[in-house]
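Novice: Handing over my_file_13.tsv, TSV, C-alpha atoms (C1' of nucleotides).
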```
chain	number	residue	atom	x	y	z
L	1411	MET	CA	-3.67	9.32	20.06
L	1412	SER	CA	-2.30	7.18	17.30
L	1413	LYS	CA	0.24	4.46	17.72
L	1414	ALA	CA	2.84	2.73	15.59
L	1415	PRO	CA	1.72	-0.68	14.32
L	1416	PRO	CA	2.80	-3.68	16.46
L	1417	SER	CA	4.86	-6.44	14.86
L	1418	ALA	CA	1.77	-8.66	14.55
L	1419	PHE	CA	0.26	-6.03	12.29
L	1420	TRP	CA	2.92	-6.72	9.67
L	1421	THR	CA	2.77	-10.50	9.78
L	1422	GLN	CA	-0.92	-10.87	9.00
L	1423	PRO	CA	-1.76	-12.14	5.47
L	1424	VAL	CA	-0.66	-9.51	2.97
L	1425	VAL	CA	-4.17	-9.03	1.58
L	1426	ASP	CA	-5.43	-8.32	5.10
L	1427	LEU	CA	-2.48	-6.01	5.64
L	1428	ALA	CA	-3.32	-4.04	2.50
L	1429	ARG	CA	-6.86	-3.56	3.80
L	1430	ALA	CA	-5.64	-2.64	7.30
L	1431	LEU	CA	-3.31	0.04	5.97
L	1432	ILE	CA	-6.24	2.09	4.65
L	1433	GLY	CA	-6.74	4.91	7.14
L	1434	CYS	CA	-3.23	4.78	8.59
L	1435	GLN	CA	-1.15	7.93	8.56
L	1436	LEU	CA	2.12	7.96	6.62
L	1437	LEU	CA	4.64	10.77	6.88
L	1438	VAL	CA	8.04	10.94	5.23
L	1439	ASP	CA	10.18	13.67	6.69
L	1440	GLY	CA	7.06	15.42	7.92
L	1441	ALA	CA	5.11	15.35	4.65
L	1442	GLY	CA	2.26	13.00	3.90
L	1443	GLY	CA	-1.20	12.13	5.17
L	1444	THR	CA	-3.75	9.33	5.38
L	1445	ILE	CA	-3.36	6.24	3.23
L	1446	VAL	CA	-6.48	5.89	1.07
L	1447	GLU	CA	-5.47	3.29	-1.54
L	1448	THR	CA	-3.31	0.15	-1.50
L	1449	GLU	CA	-2.71	-3.06	-3.42
L	1450	ALA	CA	-1.48	-6.43	-2.17
L	1451	TYR	CA	1.24	-8.40	-3.98
L	1452	ASP	CA	1.75	-11.94	-2.74
L	1453	VAL	CA	4.89	-13.99	-3.23
L	1454	ASP	CA	3.14	-16.60	-5.39
L	1455	ASP	CA	1.50	-13.90	-7.47
L	1456	PRO	CA	2.54	-13.74	-11.15
L	1457	ALA	CA	1.92	-9.98	-11.08
L	1458	SER	CA	4.38	-9.49	-8.23
L	1459	HIS	CA	8.01	-8.52	-8.64
L	1460	ALA	CA	8.75	-11.23	-6.08
L	1461	PHE	CA	7.45	-13.95	-8.42
L	1462	GLY	CA	10.32	-16.25	-9.29
L	1463	GLY	CA	12.29	-15.63	-6.13
L	1464	PRO	CA	14.67	-13.07	-4.69
L	1465	ARG	CA	16.91	-11.38	-7.21
L	1466	GLY	CA	17.72	-7.95	-8.53
L	1467	ARG	CA	15.54	-5.10	-7.43
L	1468	ASN	CA	13.12	-7.25	-5.39
L	1469	LEU	CA	15.61	-8.17	-2.64
L	1470	ALA	CA	13.95	-5.80	-0.15
L	1471	MET	CA	10.70	-7.76	-0.57
L	1472	PHE	CA	12.43	-10.80	0.95
L	1473	GLY	CA	13.95	-8.81	3.78
L	1474	PRO	CA	12.33	-8.11	7.16
L	1475	VAL	CA	8.73	-6.94	7.40
L	1476	ALA	CA	7.92	-3.31	8.22
L	1477	HIS	CA	10.54	-2.14	5.78
L	1478	ALA	CA	10.14	-0.28	2.50
L	1479	TYR	CA	10.50	-1.69	-1.01
L	1480	VAL	CA	11.06	1.09	-3.51
L	1481	TYR	CA	11.48	0.61	-7.25
L	1482	LYS	CA	11.44	2.70	-10.40
L	1483	ILE	CA	8.85	2.01	-13.06
L	1484	TYR	CA	8.71	3.10	-16.69
L	1485	GLY	CA	12.09	4.73	-16.17
L	1486	ILE	CA	10.39	7.73	-14.62
L	1487	HIS	CA	8.34	7.08	-11.51
L	1488	TRP	CA	9.21	5.66	-8.11
L	1489	CYS	CA	6.75	3.42	-6.27
L	1490	LEU	CA	6.61	2.78	-2.51
L	1491	ASN	CA	5.72	-0.60	-1.00
L	1492	PHE	CA	5.53	-1.87	2.57
L	1493	VAL	CA	7.02	-5.33	3.11
L	1494	GLY	CA	4.78	-7.56	5.18
L	1495	GLY	CA	2.63	-10.67	5.21
L	1496	VAL	CA	2.93	-14.25	6.39
L	1497	HIS	CA	5.58	-15.29	3.87
L	1498	PRO	CA	8.73	-13.47	2.76
L	1499	GLY	CA	8.39	-11.83	-0.62
L	1500	SER	CA	5.00	-10.21	-0.20
L	1501	ALA	CA	4.35	-6.49	-0.01
L	1502	VAL	CA	1.71	-3.79	-0.22
L	1503	LEU	CA	1.89	-1.05	-2.85
L	1504	ILE	CA	0.91	2.34	-1.47
L	1505	ARG	CA	-1.16	3.85	-4.28
L	1506	ALA	CA	-2.68	7.04	-2.85
L	1507	ILE	CA	-2.61	9.32	0.19
L	1508	ALA	CA	-4.96	12.06	1.36
L	1509	PRO	CA	-2.53	14.95	2.01
L	1510	THR	CA	-2.70	16.39	5.53
L	1511	GLN	CA	0.81	17.48	6.50
L	1512	GLY	CA	3.61	19.29	4.71
L	1513	ILE	CA	1.23	20.29	1.93
L	1514	GLU	CA	3.28	23.31	0.88
L	1515	THR	CA	6.36	21.11	0.55
L	1516	MET	CA	4.44	18.59	-1.53
L	1517	ILE	CA	3.00	21.31	-3.75
L	1518	ALA	CA	6.52	22.58	-4.39
L	1519	ARG	CA	7.81	19.08	-5.23
L	1520	ARG	CA	4.89	18.31	-7.52
L	1521	GLY	CA	4.58	21.72	-9.14
L	1522	LEU	CA	0.81	21.58	-8.61
L	1523	SER	CA	-1.57	23.28	-6.25
L	1524	ASP	CA	-4.59	21.00	-6.60
L	1525	PRO	CA	-4.52	18.84	-3.44
L	1526	ARG	CA	-6.48	16.10	-5.21
L	1527	LYS	CA	-3.56	15.61	-7.59
L	1528	LEU	CA	-0.73	15.73	-5.06
L	1529	CYS	CA	-0.67	12.07	-3.98
L	1530	SER	CA	-3.43	10.39	-6.04
L	1531	GLY	CA	-1.27	7.66	-7.54
L	1532	PRO	CA	1.89	5.69	-6.69
L	1533	GLY	CA	4.21	7.79	-8.83
L	1534	LYS	CA	2.64	11.03	-7.65
L	1535	LEU	CA	2.92	10.28	-3.94
L	1536	ALA	CA	6.52	9.15	-4.39
L	1537	GLN	CA	7.32	12.51	-5.92
L	1538	ALA	CA	5.37	14.42	-3.27
L	1539	LEU	CA	7.09	12.55	-0.41
L	1540	SER	CA	10.51	12.55	-2.04
L	1541	ILE	CA	10.68	8.75	-2.26
L	1542	ASP	CA	13.53	7.28	-4.24
L	1543	ARG	CA	16.10	4.51	-4.24
L	1544	ARG	CA	17.72	5.73	-1.01
L	1545	LEU	CA	14.64	4.47	0.88
L	1546	ASP	CA	14.66	0.96	-0.62
L	1547	GLY	CA	14.99	-1.41	2.34
L	1548	ALA	CA	14.63	1.36	4.93
L	1549	PRO	CA	12.75	0.54	8.17
L	1550	LEU	CA	9.29	2.05	8.46
L	1551	ASP	CA	9.57	2.62	12.21
L	1552	GLN	CA	12.50	5.01	11.86
L	1553	ALA	CA	13.10	8.40	10.28
L	1554	PRO	CA	12.34	9.65	7.74
L	1555	PHE	CA	9.29	7.40	7.97
L	1556	ALA	CA	6.56	7.91	10.55
L	1557	LEU	CA	3.64	5.49	10.35
L	1558	THR	CA	0.71	5.41	12.77
L	1559	LEU	CA	-2.34	3.21	12.94
L	1560	GLY	CA	-5.71	4.57	11.87
L	1561	ASN	CA	-9.26	3.51	11.37
L	1562	GLU	CA	-11.21	3.27	8.18
L	1563	ALA	CA	-14.54	1.50	8.34
L	1564	ASP	CA	-15.84	1.96	4.82
L	1565	ILE	CA	-13.44	0.22	2.46
L	1566	VAL	CA	-13.96	-0.53	-1.21
L	1567	VAL	CA	-12.37	-3.52	-2.99
L	1568	GLY	CA	-11.53	-3.99	-6.65
L	1569	PRO	CA	-9.06	-5.45	-9.14
L	1570	ARG	CA	-5.54	-4.14	-9.24
L	1571	ILE	CA	-4.47	-1.47	-11.72
L	1572	GLY	CA	-1.86	-1.51	-14.45
L	1573	ILE	CA	-0.98	-5.21	-14.43
L	1574	SER	CA	-1.33	-7.83	-17.12
L	1575	LYS	CA	-1.16	-11.02	-15.03
L	1576	ALA	CA	-3.50	-12.26	-12.27
L	1577	ILE	CA	-5.77	-9.37	-13.18
L	1578	ASP	CA	-8.82	-10.91	-11.54
L	1579	HIS	CA	-7.66	-10.84	-7.94
L	1580	PRO	CA	-9.63	-8.23	-5.94
L	1581	TRP	CA	-6.56	-7.07	-4.06
L	1582	ARG	CA	-6.95	-3.30	-4.47
L	1583	PHE	CA	-8.37	-1.47	-1.45
L	1584	GLY	CA	-9.56	2.10	-1.04
L	1585	ALA	CA	-11.36	4.46	1.28
L	1586	ARG	CA	-14.86	4.66	-0.19
L	1587	GLY	CA	-15.67	8.00	-1.77
L	1588	SER	CA	-12.27	9.55	-1.13
L	1589	PRO	CA	-11.43	12.35	-3.61
L	1590	PHE	CA	-7.77	11.36	-3.37
L	1591	LEU	CA	-7.94	7.93	-5.06
L	1592	SER	CA	-5.86	7.31	-8.18
L	1593	ARG	CA	-9.04	6.16	-9.95
L	1594	ALA	CA	-12.60	5.38	-9.00
L	1595	PHE	CA	-13.41	1.81	-8.04
L	1596	PRO	CA	-15.55	-0.13	-10.56
L	1597	LYS	CA	-18.50	-0.98	-8.38
L	1598	ASP	CA	-18.51	1.86	-5.90
L	1599	GLY	CA	-21.74	2.09	-3.96
Y	348	DG	C1'	-16.04	12.37	-20.35
Y	349	DT	C1'	-12.75	8.38	-22.83
Y	350	DA	C1'	-8.62	7.06	-25.99
Y	351	DT	C1'	-4.12	7.09	-27.25
Y	352	DC	C1'	0.64	7.94	-26.88
Y	353	DG	C1'	5.48	9.46	-25.55
Y	354	DA	C1'	8.83	9.85	-21.87
Y	355	DT	C1'	12.74	7.08	-20.15
Y	356	DG	C1'	15.49	3.29	-17.96
Y	357	DA	C1'	15.79	-1.10	-15.35
Y	358	DT	C1'	14.65	-5.80	-15.94
Y	359	DC	C1'	13.68	-9.78	-18.43
Y	360	DT	C1'	13.59	-12.96	-22.69
I	411	DG	C1'	14.08	-6.22	-28.36
I	412	DA	C1'	9.88	-6.23	-25.33
I	413	DT	C1'	7.83	-5.32	-21.14
I	414	DC	C1'	6.73	-2.51	-17.33
I	415	DA	C1'	2.49	-2.25	-10.13
I	416	DT	C1'	2.79	5.44	-14.33
I	417	DC	C1'	1.79	10.12	-15.54
I	418	DG	C1'	0.53	14.02	-18.20
I	419	DA	C1'	-0.43	15.96	-22.61
I	420	DT	C1'	-3.19	15.73	-26.43
I	421	DA	C1'	-7.14	14.54	-29.45
I	422	DC	C1'	-11.61	13.53	-29.89
I	423	DC	C1'	-16.82	12.70	-28.24
```
Turn this file's structure into structure tokens for me.
Specialist:
Amino acid sequence: MSKAPPSAFWTQPVVDLARALIGCQLLVDGAGGTIVETEAYDVDDPASHAFGGPRGRNLAMFGPVAHAYVYKIYGIHWCLNFVGGVHPGSAVLIRAIAPTQGIETMIARRGLSDPRKLCSGPGKLAQALSIDRRLDGAPLDQAPFALTLGNEADIVVGPRIGISKAIDHPWRFGARGSPFLSRAFPKDG
DNA sequence: GTATCGATGATCT
DNA sequence: GATCATCGATACC
């Protein structure tokens, strides 16, 4: 059976954490599935909201690990991050999930029936899992969150998506060949 | 298949 | 006023 991550899981380097989260199961109020795509954002990373120190919306990033950081982007979409890493201010963006539980609920929230489009992107999964500002700073080991460790051997790496700074860091991770990724990886095998 | 663009609001200069 | 860790609709190849 699956277990919740130990505290040491969260305090490993954030890039390692992003890789380790691939294959873990994430449920929010009973809806969700297997994490198939993540990105790491380090505290000294110009592309990170934490760059420049704690202020405004990024305060949750400097809070305790194993908590959520949720923000709104482009005035429309919510994005879910997991706070973790060696230093305060780093976090992992959850970019895509393979839906396994609460699929009917997620279909209703998204207004779509194609399972490949339910959670294949940060804004999409936030809508499918009903993520919004009320979960900013919420602990991941308590309801409505339920996170359990998983295994994923075949992981692909690539540059992060949608950023304009530090674009060369290969800090995007995905389950190779998954049909639930937000986009294909550049040099997939 | 790829390219471009509008929505819509918080944050930053 | 510009930018933004996005998405979906549209136009074109």
Novice: For a test of reading the model, state the distance in Å between atom CA of L:Ala1556 and atom CA of L:Thr1515, rounded to one decimal.
Specialist: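 These atoms are spaced 16.6 Å apart.
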Novice: Could you build a table of the residues in chain L lying no more than 8 Å from chain Y, giving for each the nearest pair of atoms and their separation in Å rounded to one decimal place, using only C-alpha atoms (C1' of nucleotides), ordered by chain and ascending residue number, as JSON lines?
Specialist:
```
{"residue": "L:Lys1482", "atom": "CA", "partner": "Y:DA357", "partner_atom": "C1'", "distance": 7.6}
{"residue": "L:Ile1483", "atom": "CA", "partner": "Y:DA357", "partner_atom": "C1'", "distance": 7.9}
{"residue": "L:Tyr1484", "atom": "CA", "partner": "Y:DT355", "partner_atom": "C1'", "distance": 6.6}
{"residue": "L:Gly1485", "atom": "CA", "partner": "Y:DG356", "partner_atom": "C1'", "distance": 4.1}
{"residue": "L:Ile1486", "atom": "CA", "partner": "Y:DT355", "partner_atom": "C1'", "distance": 6.0}
```
Novice: Determine which residues of chain I sit within 7 Å of chain L, taking into account all atoms listed in the file, and present them as number ranges by chain.
Specialist: I: 414-416
Novice: Please indicate the distance in Å from atom CA of L:Ser1500 to atom CA of L:Leu1559, rounded to one decimal place.
Specialist: 20.2 Å
Novice: If you measure from atom CA of L:Lys1527 to atom CA of L:Ser1588, what distance in Å do you get, rounded to one decimal?
Specialist: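 Atom CA of L:Ser1588 lies 12.4 Å from atom CA of L:Lys1527.
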